[in-house]
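Engineer: Please find query_16.txt (compact mmCIF, C-alpha atoms) on the next line:
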# COMPACT_ATOMS: atom_id res chain seq x y z
CA VAL T 166 16.10 172.27 -6.01
CA ARG T 167 18.81 171.04 -3.66
CA ASP T 168 19.62 174.63 -2.71
CA ALA T 169 16.03 175.80 -2.26
CA VAL T 170 14.61 172.64 -0.65
CA PRO T 171 17.59 170.56 0.54
CA GLU T 172 15.36 168.07 2.36
CA ALA T 173 13.89 167.02 -1.02
CA SER T 174 17.15 165.18 -1.70
CA GLY T 175 16.81 161.50 -0.96
CA GLN T 176 13.02 161.57 -1.27
CA GLY T 177 12.89 160.98 -5.02
CA TYR T 178 11.97 164.47 -6.18
CA VAL T 179 15.41 165.34 -7.63
CA GLU T 180 15.63 161.95 -9.34
CA VAL T 181 12.22 162.50 -10.98
CA LEU T 182 13.39 165.94 -12.11
CA ASP T 183 16.48 164.39 -13.74
CA ARG T 184 14.33 161.76 -15.44
CA VAL T 185 11.97 164.38 -16.87
CA TYR T 186 14.93 166.37 -18.21
CA GLU T 187 16.44 163.28 -19.84
CA SER T 188 13.25 161.79 -21.26
CA GLY T 189 11.32 164.94 -22.10
CA GLU T 190 8.19 163.37 -20.62
CA PRO T 191 6.25 165.54 -18.11
CA HIS T 192 5.55 164.18 -14.63
CA VAL T 193 2.27 164.78 -12.77
CA ALA T 194 1.68 163.69 -9.17
CA HIS T 195 -1.29 164.03 -6.83
CA GLY T 196 -1.04 163.82 -3.05
CA SER T 197 2.67 162.98 -3.11
CA ARG T 198 4.16 162.72 0.39
CA ILE T 199 7.28 164.70 1.31
CA LEU T 200 9.03 165.60 4.57
CA LEU T 201 9.48 169.38 4.68
CA ALA T 202 10.52 172.03 7.19
CA ARG T 203 7.98 174.88 7.24
CA ARG T 204 10.83 177.32 7.97
CA ALA T 205 14.60 177.21 8.31
CA GLY T 206 15.53 175.45 11.53
CA PHE T 207 12.08 173.91 11.97
CA PRO T 208 11.73 170.10 12.25
CA LEU T 209 10.71 168.04 9.25
CA GLU T 210 7.03 167.17 9.03
CA PRO T 211 4.99 165.20 6.49
CA ARG T 212 3.27 167.31 3.83
CA PHE T 213 1.37 166.36 0.67
CA LEU T 214 1.86 167.97 -2.73
CA ASP T 215 0.18 168.11 -6.11
CA PHE T 216 2.97 168.97 -8.53
CA ILE T 217 3.97 169.03 -12.20
CA TYR T 218 7.36 168.89 -13.90
CA GLN T 219 6.85 170.24 -17.43
CA PRO T 220 9.84 170.33 -19.86
CA ILE T 221 10.54 173.54 -21.80
CA ARG T 222 11.85 173.11 -25.38
CA ASP T 223 13.51 175.56 -27.73
CA THR T 224 12.70 175.88 -31.43
CA ASP T 225 14.95 172.90 -32.22
CA GLY T 226 13.12 170.69 -29.72
CA ALA T 227 16.00 170.62 -27.23
CA ILE T 228 15.05 170.77 -23.55
CA THR T 229 16.24 174.05 -22.05
CA GLY T 230 14.57 173.83 -18.64
CA ILE T 231 11.65 172.56 -16.62
CA ILE T 232 8.63 174.43 -15.28
CA VAL T 233 7.81 173.26 -11.74
CA LEU T 234 4.32 173.87 -10.40
CA GLY T 235 3.52 172.68 -6.88
CA THR T 236 0.58 173.05 -4.50
CA ASP T 237 0.54 172.07 -0.84
CA VAL T 238 -2.64 169.98 -0.40
CA THR T 239 -1.94 168.73 3.12
CA ASP T 240 -5.08 170.27 4.60
CA ARG T 241 -7.21 168.83 1.81
CA ASN T 242 -5.61 165.43 2.33
CA ARG T 243 -6.34 165.55 6.06
CA ALA T 244 -9.93 166.59 5.42
CA GLU T 245 -10.41 163.68 3.00
CA ARG T 246 -8.98 161.23 5.53
CA SER T 247 -11.34 162.61 8.18
CA LEU T 248 -14.30 162.11 5.83
CA ILE T 249 -13.18 158.57 5.08
CA GLN T 250 -12.89 157.78 8.79
CA ALA T 251 -16.33 159.30 9.46
CA GLU T 252 -17.90 157.19 6.71
CA LYS T 253 -16.21 154.05 8.06
CA LEU T 254 -17.69 154.76 11.49
CA ALA T 255 -21.12 155.32 9.92
CA ALA T 256 -20.78 152.02 8.03
CA VAL T 257 -19.90 150.24 11.28
CA GLY T 258 -22.99 151.75 12.92
CA ARG T 259 -25.26 150.53 10.12
CA LEU T 260 -23.62 147.12 10.25
CA ALA T 261 -23.99 146.91 14.04
CA ALA T 262 -27.75 147.47 13.74
CA SER T 263 -28.01 144.68 11.17
CA ILE T 264 -25.89 142.30 13.28
CA ALA T 265 -27.89 143.06 16.44
CA HIS T 266 -31.05 142.07 14.59
CA GLU T 267 -29.39 138.90 13.27
CA ILE T 268 -28.21 137.82 16.73
CA ASN T 269 -31.43 138.74 18.53
CA ASN T 270 -33.54 136.16 16.68
CA PRO T 271 -31.48 133.07 17.62
CA LEU T 272 -31.04 134.35 21.18
CA GLU T 273 -34.80 134.58 21.57
CA ALA T 274 -35.12 131.04 20.23
CA ILE T 275 -32.48 129.77 22.68
CA THR T 276 -34.29 131.44 25.61
CA ASN T 277 -37.57 129.76 24.63
CA LEU T 278 -35.94 126.37 24.08
CA LEU T 279 -34.22 126.43 27.48
CA TYR T 280 -37.53 127.34 29.09
CA LEU T 281 -39.11 124.30 27.42
CA VAL T 282 -36.24 122.10 28.64
CA GLN T 283 -37.04 123.11 32.21
CA LEU T 284 -40.71 122.25 31.78
CA THR T 285 -40.21 118.94 29.96
CA GLU T 286 -39.44 115.75 31.88
CA GLU T 287 -39.33 113.38 28.90
CA LYS T 288 -35.63 112.81 28.08
CA THR T 289 -35.94 112.45 24.31
CA GLN T 290 -37.89 115.69 24.02
CA ARG T 291 -35.41 117.55 26.23
CA LEU T 292 -32.49 116.33 24.10
CA SER T 293 -34.33 117.50 21.01
CA PHE T 294 -34.79 120.97 22.51
CA LEU T 295 -31.11 121.12 23.54
CA LYS T 296 -30.02 120.11 20.05
CA MET T 297 -32.11 122.91 18.56
CA ALA T 298 -30.62 125.38 21.07
CA GLN T 299 -27.11 124.25 20.05
CA GLN T 300 -27.96 124.88 16.40
CA GLU T 301 -29.06 128.42 17.25
CA LEU T 302 -25.83 128.96 19.22
CA ASP T 303 -23.85 127.79 16.19
CA ARG T 304 -25.71 130.36 14.15
CA VAL T 305 -24.75 133.13 16.59
CA ALA T 306 -21.12 131.94 16.53
CA LYS T 307 -21.10 132.07 12.72
CA ILE T 308 -22.44 135.64 12.73
CA THR T 309 -19.80 136.64 15.30
CA THR T 310 -17.02 135.11 13.20
CA GLN T 311 -18.19 136.97 10.11
CA THR T 312 -18.27 140.22 12.11
CA LEU T 313 -14.74 139.73 13.43
CA ARG T 314 -13.49 139.21 9.88
CA PHE T 315 -14.99 142.54 8.95
CA HIS T 316 -13.40 144.26 11.96
CA ARG T 317 -9.90 142.82 11.60
CA GLN T 318 -8.76 144.92 8.69
CA SER T 319 -5.21 144.89 7.41
CA THR T 320 -3.66 148.23 6.48
CA ASN T 321 -1.09 146.46 4.29
CA ASP T 322 -1.53 144.73 0.94
CA ARG T 323 -1.58 140.94 1.24
CA PRO T 324 -3.12 137.92 -0.51
CA VAL T 325 -6.92 138.04 -0.31
CA CYS T 326 -9.75 135.90 -1.69
CA LEU T 327 -12.57 137.92 -3.25
CA GLN T 328 -15.03 135.01 -3.07
CA ASP T 329 -14.56 134.81 0.70
CA ILE T 330 -15.01 138.58 1.03
CA LEU T 331 -18.21 138.53 -1.04
CA GLU T 332 -19.63 135.61 0.96
CA ASN T 333 -18.76 137.46 4.16
CA VAL T 334 -20.64 140.59 3.04
CA ILE T 335 -23.69 138.58 1.92
CA ALA T 336 -23.78 136.81 5.29
CA LEU T 337 -23.54 140.10 7.20
CA LEU T 338 -26.42 141.56 5.18
CA GLY T 339 -28.52 138.41 5.45
CA GLY T 340 -31.13 140.03 7.70
CA ARG T 341 -31.65 143.04 5.43
CA LEU T 342 -31.87 140.80 2.37
CA ARG T 343 -34.54 138.57 3.95
CA ASN T 344 -36.54 141.51 5.30
CA ALA T 345 -36.51 143.16 1.87
CA ASP T 346 -37.39 139.85 0.13
CA ILE T 347 -34.27 140.06 -2.06
CA THR T 348 -32.53 136.94 -3.35
CA VAL T 349 -28.81 136.83 -4.14
CA GLU T 350 -27.63 134.71 -7.06
CA ARG T 351 -23.95 133.74 -7.00
CA ASP T 352 -21.98 132.89 -10.13
CA PHE T 353 -18.37 132.35 -9.09
CA ALA T 354 -16.10 130.91 -11.78
CA THR T 355 -12.96 131.67 -9.74
CA ARG T 356 -12.01 132.31 -6.14
CA GLY T 357 -10.52 135.65 -7.16
CA GLU T 358 -7.21 135.49 -5.31
CA ILE T 359 -5.36 138.81 -5.64
CA ILE T 360 -3.15 141.14 -3.61
CA GLY T 361 -5.02 143.85 -1.72
CA ARG T 362 -6.47 145.09 1.55
CA ASP T 363 -9.27 142.77 2.60
CA GLY T 364 -10.98 145.25 4.93
CA ASP T 365 -11.06 148.02 2.35
CA LEU T 366 -12.37 145.70 -0.38
CA ARG T 367 -15.01 144.40 2.03
CA GLN T 368 -16.16 147.99 2.55
CA VAL T 369 -16.46 148.51 -1.23
CA PHE T 370 -18.69 145.47 -1.66
CA LEU T 371 -20.69 146.33 1.46
CA ASN T 372 -21.42 149.74 -0.07
CA LEU T 373 -22.45 148.24 -3.42
CA PHE T 374 -24.69 145.57 -1.85
CA SER T 375 -26.29 148.12 0.50
CA ASN T 376 -27.04 150.45 -2.40
CA ALA T 377 -28.50 147.56 -4.40
CA ILE T 378 -30.77 146.61 -1.49
CA ASP T 379 -31.96 150.20 -1.13
CA ALA T 380 -32.66 150.43 -4.88
CA CYS T 381 -34.58 147.14 -5.23
CA ARG T 382 -38.32 146.90 -5.10
CA THR T 383 -39.88 143.98 -3.25
CA PRO T 384 -39.33 141.24 -4.29
CA GLY T 385 -35.90 141.89 -5.77
CA ARG T 386 -32.86 140.11 -7.13
CA ILE T 387 -29.11 140.74 -6.96
CA VAL T 388 -26.71 138.80 -9.17
CA VAL T 389 -22.99 138.75 -8.33
CA ARG T 390 -20.44 137.24 -10.71
CA LEU T 391 -16.71 136.59 -10.30
CA ARG T 392 -14.50 135.87 -13.32
CA ASN T 393 -10.85 135.84 -14.35
CA ALA T 394 -10.51 138.66 -16.88
CA VAL T 395 -8.18 140.80 -18.98
CA ASP T 396 -8.31 144.58 -19.19
CA LEU T 397 -8.64 145.08 -22.95
CA SER T 398 -7.21 148.61 -22.79
CA THR T 399 -3.94 147.53 -21.13
CA GLY T 400 -3.74 143.74 -21.61
CA GLU T 401 -3.41 143.38 -17.85
CA ARG T 402 -4.73 140.18 -16.26
CA GLY T 403 -6.93 140.23 -13.20
CA VAL T 404 -10.41 139.54 -11.83
CA ARG T 405 -13.77 141.07 -12.76
CA ILE T 406 -16.60 141.37 -10.25
CA SER T 407 -20.06 142.23 -11.58
CA LEU T 408 -22.92 143.12 -9.26
CA GLY T 409 -26.32 143.67 -10.85
CA ASP T 410 -29.69 144.44 -9.30
CA THR T 411 -33.32 144.73 -10.37
CA GLY T 412 -33.63 148.14 -8.72
CA ILE T 413 -35.14 151.36 -10.00
CA GLY T 414 -32.03 152.31 -11.96
CA MET T 415 -30.38 155.71 -12.45
CA SER T 416 -30.65 158.52 -14.95
CA GLN T 417 -27.64 159.73 -16.95
CA PRO T 418 -27.19 162.91 -14.82
CA VAL T 419 -27.13 160.81 -11.64
CA ARG T 420 -24.59 158.37 -13.10
CA GLN T 421 -22.29 161.25 -14.04
CA ARG T 422 -22.17 162.51 -10.43
CA LEU T 423 -22.21 159.16 -8.69
CA PHE T 424 -18.63 159.30 -7.37
CA GLU T 425 -18.72 162.92 -6.21
CA PRO T 426 -18.35 163.40 -2.44
CA PHE T 427 -21.63 164.33 -0.69
CA PHE T 428 -23.76 163.56 -3.75
CA THR T 429 -26.63 161.28 -2.73
CA THR T 430 -30.08 160.31 -3.98
CA LYS T 431 -31.15 159.01 -0.54
CA GLU T 432 -31.95 162.43 0.94
CA LEU T 433 -31.76 162.20 4.75
CA THR T 434 -30.55 158.59 4.91
CA GLY T 435 -27.42 158.95 2.76
CA THR T 436 -24.07 160.64 3.40
CA GLY T 437 -22.96 160.75 -0.24
CA LEU T 438 -19.55 159.38 0.75
CA GLY T 439 -19.89 155.61 0.24
CA LEU T 440 -19.20 155.43 -3.49
CA TRP T 441 -16.63 158.22 -3.37
CA ILE T 442 -14.65 156.24 -0.78
CA SER T 443 -15.16 153.04 -2.78
CA LYS T 444 -13.61 154.76 -5.80
CA GLU T 445 -10.64 155.89 -3.68
CA ILE T 446 -10.13 152.31 -2.47
CA LEU T 447 -10.30 150.92 -6.00
CA ASP T 448 -7.82 153.54 -7.19
CA HIS T 449 -5.37 152.30 -4.53
CA HIS T 450 -5.81 148.77 -5.90
CA LYS T 451 -5.26 150.08 -9.48
CA GLY T 452 -8.80 148.93 -10.19
CA LYS T 453 -11.46 150.24 -12.56
CA ILE T 454 -15.21 150.53 -12.09
CA ARG T 455 -17.91 150.88 -14.76
CA ILE T 456 -21.66 151.40 -14.44
CA ARG T 457 -24.58 150.46 -16.65
CA SER T 458 -28.06 151.46 -15.55
CA SER T 459 -31.57 151.90 -16.86
CA ASN T 460 -34.60 153.47 -15.21
CA ALA T 461 -37.06 152.51 -17.94
CA GLU T 462 -40.47 151.35 -16.77
CA HIS T 463 -40.15 147.72 -17.89
CA ASN T 464 -36.37 147.37 -18.11
CA HIS T 465 -34.72 148.83 -15.04
CA GLY T 466 -31.72 148.00 -12.90
CA THR T 467 -28.04 148.72 -12.38
CA VAL T 468 -24.83 146.77 -12.94
CA PHE T 469 -21.49 147.72 -11.36
CA SER T 470 -18.49 146.08 -13.02
CA ILE T 471 -15.12 146.17 -11.21
CA PHE T 472 -11.78 145.07 -12.63
CA LEU T 473 -8.97 144.37 -10.14
CA PRO T 474 -5.55 143.54 -11.60
CA ASP T 475 -3.18 140.86 -10.36
CA ARG T 476 -0.49 142.60 -8.36
CA LYS T 477 2.68 141.52 -6.64
CA PRO T 478 2.87 141.86 -2.84
Please re-express this file's structure in structure tokens.

Structural biologist:
Amino acid sequence: VRDAVPEASGQGYVEVLDRVYESGEPHVAHGSRILLARRAGFPLEPRFLDFIYQPIRDTDGAITGIIVLGTDVTDRNRAERSLIQAEKLAAVGRLAASIAHEINNPLEAITNLLYLVQLTEEKTQRLSFLKMAQQELDRVAKITTQTLRFHRQSTNDRPVCLQDILENVIALLGGRLRNADITVERDFATRGEIIGRDGDLRQVFLNLFSNAIDACRTPGRIVVRLRNAVDLSTGERGVRISLGDTGIGMSQPVRQRLFEPFFTTKELTGTGLGLWISKEILDHHKGKIRIRSSNAEHNHGTVFSIFLPDRKP
């Protein structure tokens, strides 16, 4: 390997090869980053590989060599990142429309109240109108603060509070929830403090809430729960977030394809990228997502259950 691809030295690939030879355990990697020269004398550039190190054993079980299979998936990786960026921009556009509606209502109230202040000479009444205008301004300021939290996304893992993120998303979608006559029930038994990327996690919950709103009939109900939990398959401690709705539910074939890119049940209004990107984000956080859903006539709805482990920064 050092002779054929000398730049691989110092990037961990030779060390992994040694470890596979010593342990006998195969190694599989997807989208692994490496600096490579396309040709001799060319500068190093970042590439992404899917590769396998598979030990070869003789009849006595001794390792005699390793099969190396590698595929350059740089173009695929770039295409996926472009799709993710496009979906983020689309999410911002949908959010901007919701925020504009939220801000427009208090601004109209402020305009009317200031007009009444100009017409009213009685001091007590004017003060009352000004106080009401201040309350509407406070409402606008709160919406702006929530929006800025959504915009200021960290690209690095850091301590985050899931309760704050969930409250932020609910506040941002307040207009859509009221217009659709959907109530949100909160059941937070913990603040859900973990290590992660707050902006990415906010996008996951924004996708799930938006889908729940679209699925619900009027009037509807969304229940969100936050609990300390243990992953029974690994014994790992973390936090579980459950988001259930009284929507129309999904069939088994739909559930099986739910995280495929470009698969959507919303026809012209859906991109089919939201849940796929959400799954990618949860994979980065070493999280797991499960779905239960029913589209029966009298017992319908969907529950998404997400487990996020405690991780060190």

Engineer: State, in Å with one decimal place, the distance from atom CA of T:Ala306 to atom CA of T:Gly364.

Structural biologist: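 Result for atom CA of T:Ala306 versus atom CA of T:Gly364: 20.4 Å, one decimal.
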
Engineer: Leaving out T:Phe353 and any residue of its chain fewer than 2 positions from it, which residues lie within 12 Å of it when counting only C-alpha atoms, given as a list in words?

Structural biologist: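 Surrounding residues, per the criterion: Cys326, Leu327, Gln328, Asp329, Leu331, Glu332, Glu350, Arg351, Thr355, Arg356, Gly357, Val388, Val389, Arg390, Leu391, Arg392, Asn393, Val404, Arg405, Ile406, Ser407 and Leu408 of chain T.
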
Engineer: Please identify all polymer residues within 6 Å of stretch 209-213 of chain T, counting only C-alpha atoms, omitting same-chain residues fewer than 4 positions from it, and present them as a short mmCIF file (atom, residue, chain, number, x, y, z; two decimals) with C-alpha atoms, in the frame of the given file.

Structural biologist:
data_model
loop_
_atom_site.label_atom_id
_atom_site.label_comp_id
_atom_site.auth_asym_id
_atom_site.auth_seq_id
_atom_site.Cartn_x
_atom_site.Cartn_y
_atom_site.Cartn_z
CA GLY T 196 -1.04 163.82 -3.05
CA SER T 197 2.67 162.98 -3.11
CA ARG T 198 4.16 162.72 0.39
CA ILE T 199 7.28 164.70 1.31
CA LEU T 200 9.03 165.60 4.57
CA LEU T 201 9.48 169.38 4.68
CA ALA T 202 10.52 172.03 7.19
CA ASP T 237 0.54 172.07 -0.84
CA VAL T 238 -2.64 169.98 -0.40
CA THR T 239 -1.94 168.73 3.12
#

Engineer: Rounded to one decimal in Å, what is the spacing between atom CA of T:Phe294 and atom CA of T:Tyr280?

Structural biologist: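 Value for the atom CA of T:Phe294-atom CA of T:Tyr280 distance: 9.6 Å.
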
Engineer: How many Å separate atom CA of T:Thr348 from atom CA of T:Ile387?

Structural biologist: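 Between atom CA of T:Thr348 and atom CA of T:Ile387 the gap is 6.3 Å.
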
Engineer: Using only C-alpha atoms, tabulate the residues of stretch 317-372 of chain T lying at most 10 Å from any atom of stretch 466-473 of chain T, each with its closest atom pair and that distance in Å to one decimal, by chain and increasing residue number, as JSON lines.

Structural biologist:
{"residue": "T:Gly357", "atom": "CA", "partner": "T:Leu473", "partner_atom": "CA", "distance": 9.3}
{"residue": "T:Ile359", "atom": "CA", "partner": "T:Leu473", "partner_atom": "CA", "distance": 8.0}
{"residue": "T:Ile360", "atom": "CA", "partner": "T:Leu473", "partner_atom": "CA", "distance": 9.3}
{"residue": "T:Gly361", "atom": "CA", "partner": "T:Leu473", "partner_atom": "CA", "distance": 9.3}

Engineer: For the residues selected in the previous step, produce a file with C-alpha atoms as a short mmCIF file (atom, residue, chain, number, x, y, z; two decimals), in the coordinates of the input.

Structural biologist:
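The result, written out as again32.cif:
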data_model
loop_
_atom_site.label_atom_id
_atom_site.label_comp_id
_atom_site.auth_asym_id
_atom_site.auth_seq_id
_atom_site.Cartn_x
_atom_site.Cartn_y
_atom_site.Cartn_z
CA GLY T 357 -10.52 135.65 -7.16
CA ILE T 359 -5.36 138.81 -5.64
CA ILE T 360 -3.15 141.14 -3.61
CA GLY T 361 -5.02 143.85 -1.72
#

Engineer: With distances taken over all atoms listed in the file, which of T:Asp448, T:Glu190, T:Glu462, T:Asp303 is nearest to T:Asp365?

Structural biologist: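 Checking each of T:Asp448, T:Glu190, T:Glu462, T:Asp303 against T:Asp365, counting all atoms listed in the file, the winner is T:Asp448.
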
Engineer: Using all atoms listed in the file, determine which residues lie at most 6 Å from T:Ile268, disregarding the query and same-chain residues fewer than 3 positions distant; provide the list as a list in words.

Structural biologist: Ala265, Pro271 and Val305 of chain T

Engineer: Those same residues, written as an mmCIF file, in the frame of the given file with C-alpha atoms?

Structural biologist:
data_model
loop_
_atom_site.group_PDB
_atom_site.id
_atom_site.type_symbol
_atom_site.label_atom_id
_atom_site.label_comp_id
_atom_site.auth_asym_id
_atom_site.auth_seq_id
_atom_site.Cartn_x
_atom_site.Cartn_y
_atom_site.Cartn_z
ATOM 1 C CA ALA T 265 -27.890 143.060 16.440
ATOM 2 C CA PRO T 271 -31.480 133.070 17.620
ATOM 3 C CA VAL T 305 -24.750 133.130 16.590
#

Engineer: Which is closest to T:Arg246 among T:Val170, T:Ile442, T:Val233, T:Val282, if we use all atoms listed in the file?

Structural biologist: T:Ile442

Engineer: Draw an axis-aligned box over all listed atoms of stretch 398-402 of chain T, pad each side with 3 Å, and write its centre and edge lengths in Å, one decimal, as lines of an AutoDock Vina configuration file.

Structural biologist:
center_x = -5.3
center_y = 144.4
center_z = -19.5
size_x = 9.8
size_y = 14.4
size_z = 12.5

Engineer: Using all atoms listed in the file, which residues sit within 9 Å of T:Gly235 once same-chain residues fewer than 2 positions away are excluded, as a list in words?

Structural biologist: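 Using all atoms listed in the file, the neighbours found are Leu214, Asp215, Phe216, Ile217, Tyr218, Val233 and Asp237 of chain T.
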
Engineer: Could you pull stretch 396-438 of chain T out of the structure I just pasted and write it to a file containing C-alpha atoms, as a PDB file, in the first residue's frame?

Structural biologist:
ATOM      1  CA  ASP T 396     -30.795   1.554  24.201  1.00  0.00           C
ATOM      2  CA  LEU T 397     -31.702  -2.036  25.080  1.00  0.00           C
ATOM      3  CA  SER T 398     -29.674  -3.455  22.185  1.00  0.00           C
ATOM      4  CA  THR T 399     -26.402  -1.819  23.283  1.00  0.00           C
ATOM      5  CA  GLY T 400     -26.948  -0.747  26.912  1.00  0.00           C
ATOM      6  CA  GLU T 401     -26.019   2.797  25.899  1.00  0.00           C
ATOM      7  CA  ARG T 402     -27.569   5.664  27.870  1.00  0.00           C
ATOM      8  CA  GLY T 403     -29.145   8.635  26.166  1.00  0.00           C
ATOM      9  CA  VAL T 404     -32.391  10.482  25.470  1.00  0.00           C
ATOM     10  CA  ARG T 405     -35.548   9.336  23.672  1.00  0.00           C
ATOM     11  CA  ILE T 406     -37.784  11.769  21.817  1.00  0.00           C
ATOM     12  CA  SER T 407     -41.227  10.545  20.745  1.00  0.00           C
ATOM     13  CA  LEU T 408     -43.428  12.565  18.414  1.00  0.00           C
ATOM     14  CA  GLY T 409     -46.912  11.213  17.736  1.00  0.00           C
ATOM     15  CA  ASP T 410     -49.764  12.637  15.681  1.00  0.00           C
ATOM     16  CA  THR T 411     -53.422  11.892  14.997  1.00  0.00           C
ATOM     17  CA  GLY T 412     -52.830  12.032  11.241  1.00  0.00           C
ATOM     18  CA  ILE T 413     -53.972   9.710   8.486  1.00  0.00           C
ATOM     19  CA  GLY T 414     -51.139   7.246   9.089  1.00  0.00           C
ATOM     20  CA  MET T 415     -49.042   5.274   6.593  1.00  0.00           C
ATOM     21  CA  SER T 416     -49.261   1.880   4.953  1.00  0.00           C
ATOM     22  CA  GLN T 417     -46.488  -0.712   5.308  1.00  0.00           C
ATOM     23  CA  PRO T 418     -45.124  -0.107   1.755  1.00  0.00           C
ATOM     24  CA  VAL T 419     -44.860   3.635   2.464  1.00  0.00           C
ATOM     25  CA  ARG T 420     -43.081   3.051   5.780  1.00  0.00           C
ATOM     26  CA  GLN T 421     -40.528   0.810   4.079  1.00  0.00           C
ATOM     27  CA  ARG T 422     -39.550   3.568   1.625  1.00  0.00           C
ATOM     28  CA  LEU T 423     -39.855   6.517   3.965  1.00  0.00           C
ATOM     29  CA  PHE T 424     -36.126   7.321   4.170  1.00  0.00           C
ATOM     30  CA  GLU T 425     -35.378   6.909   0.461  1.00  0.00           C
ATOM     31  CA  PRO T 426     -34.268  10.114  -1.306  1.00  0.00           C
ATOM     32  CA  PHE T 427     -36.970  11.644  -3.551  1.00  0.00           C
ATOM     33  CA  PHE T 428     -39.713   9.376  -2.195  1.00  0.00           C
ATOM     34  CA  THR T 429     -42.707  11.492  -1.194  1.00  0.00           C
ATOM     35  CA  THR T 430     -46.436  11.081  -0.643  1.00  0.00           C
ATOM     36  CA  LYS T 431     -47.090  14.835  -1.025  1.00  0.00           C
ATOM     37  CA  GLU T 432     -47.003  14.869  -4.832  1.00  0.00           C
ATOM     38  CA  LEU T 433     -46.177  18.407  -6.016  1.00  0.00           C
ATOM     39  CA  THR T 434     -45.604  19.907  -2.556  1.00  0.00           C
ATOM     40  CA  GLY T 435     -42.900  17.502  -1.348  1.00  0.00           C
ATOM     41  CA  THR T 436     -39.248  17.082  -2.335  1.00  0.00           C
ATOM     42  CA  GLY T 437     -38.795  13.629  -0.808  1.00  0.00           C
ATOM     43  CA  LEU T 438     -35.560  14.757   0.832  1.00  0.00           C
TER      44      LEU T 438
END
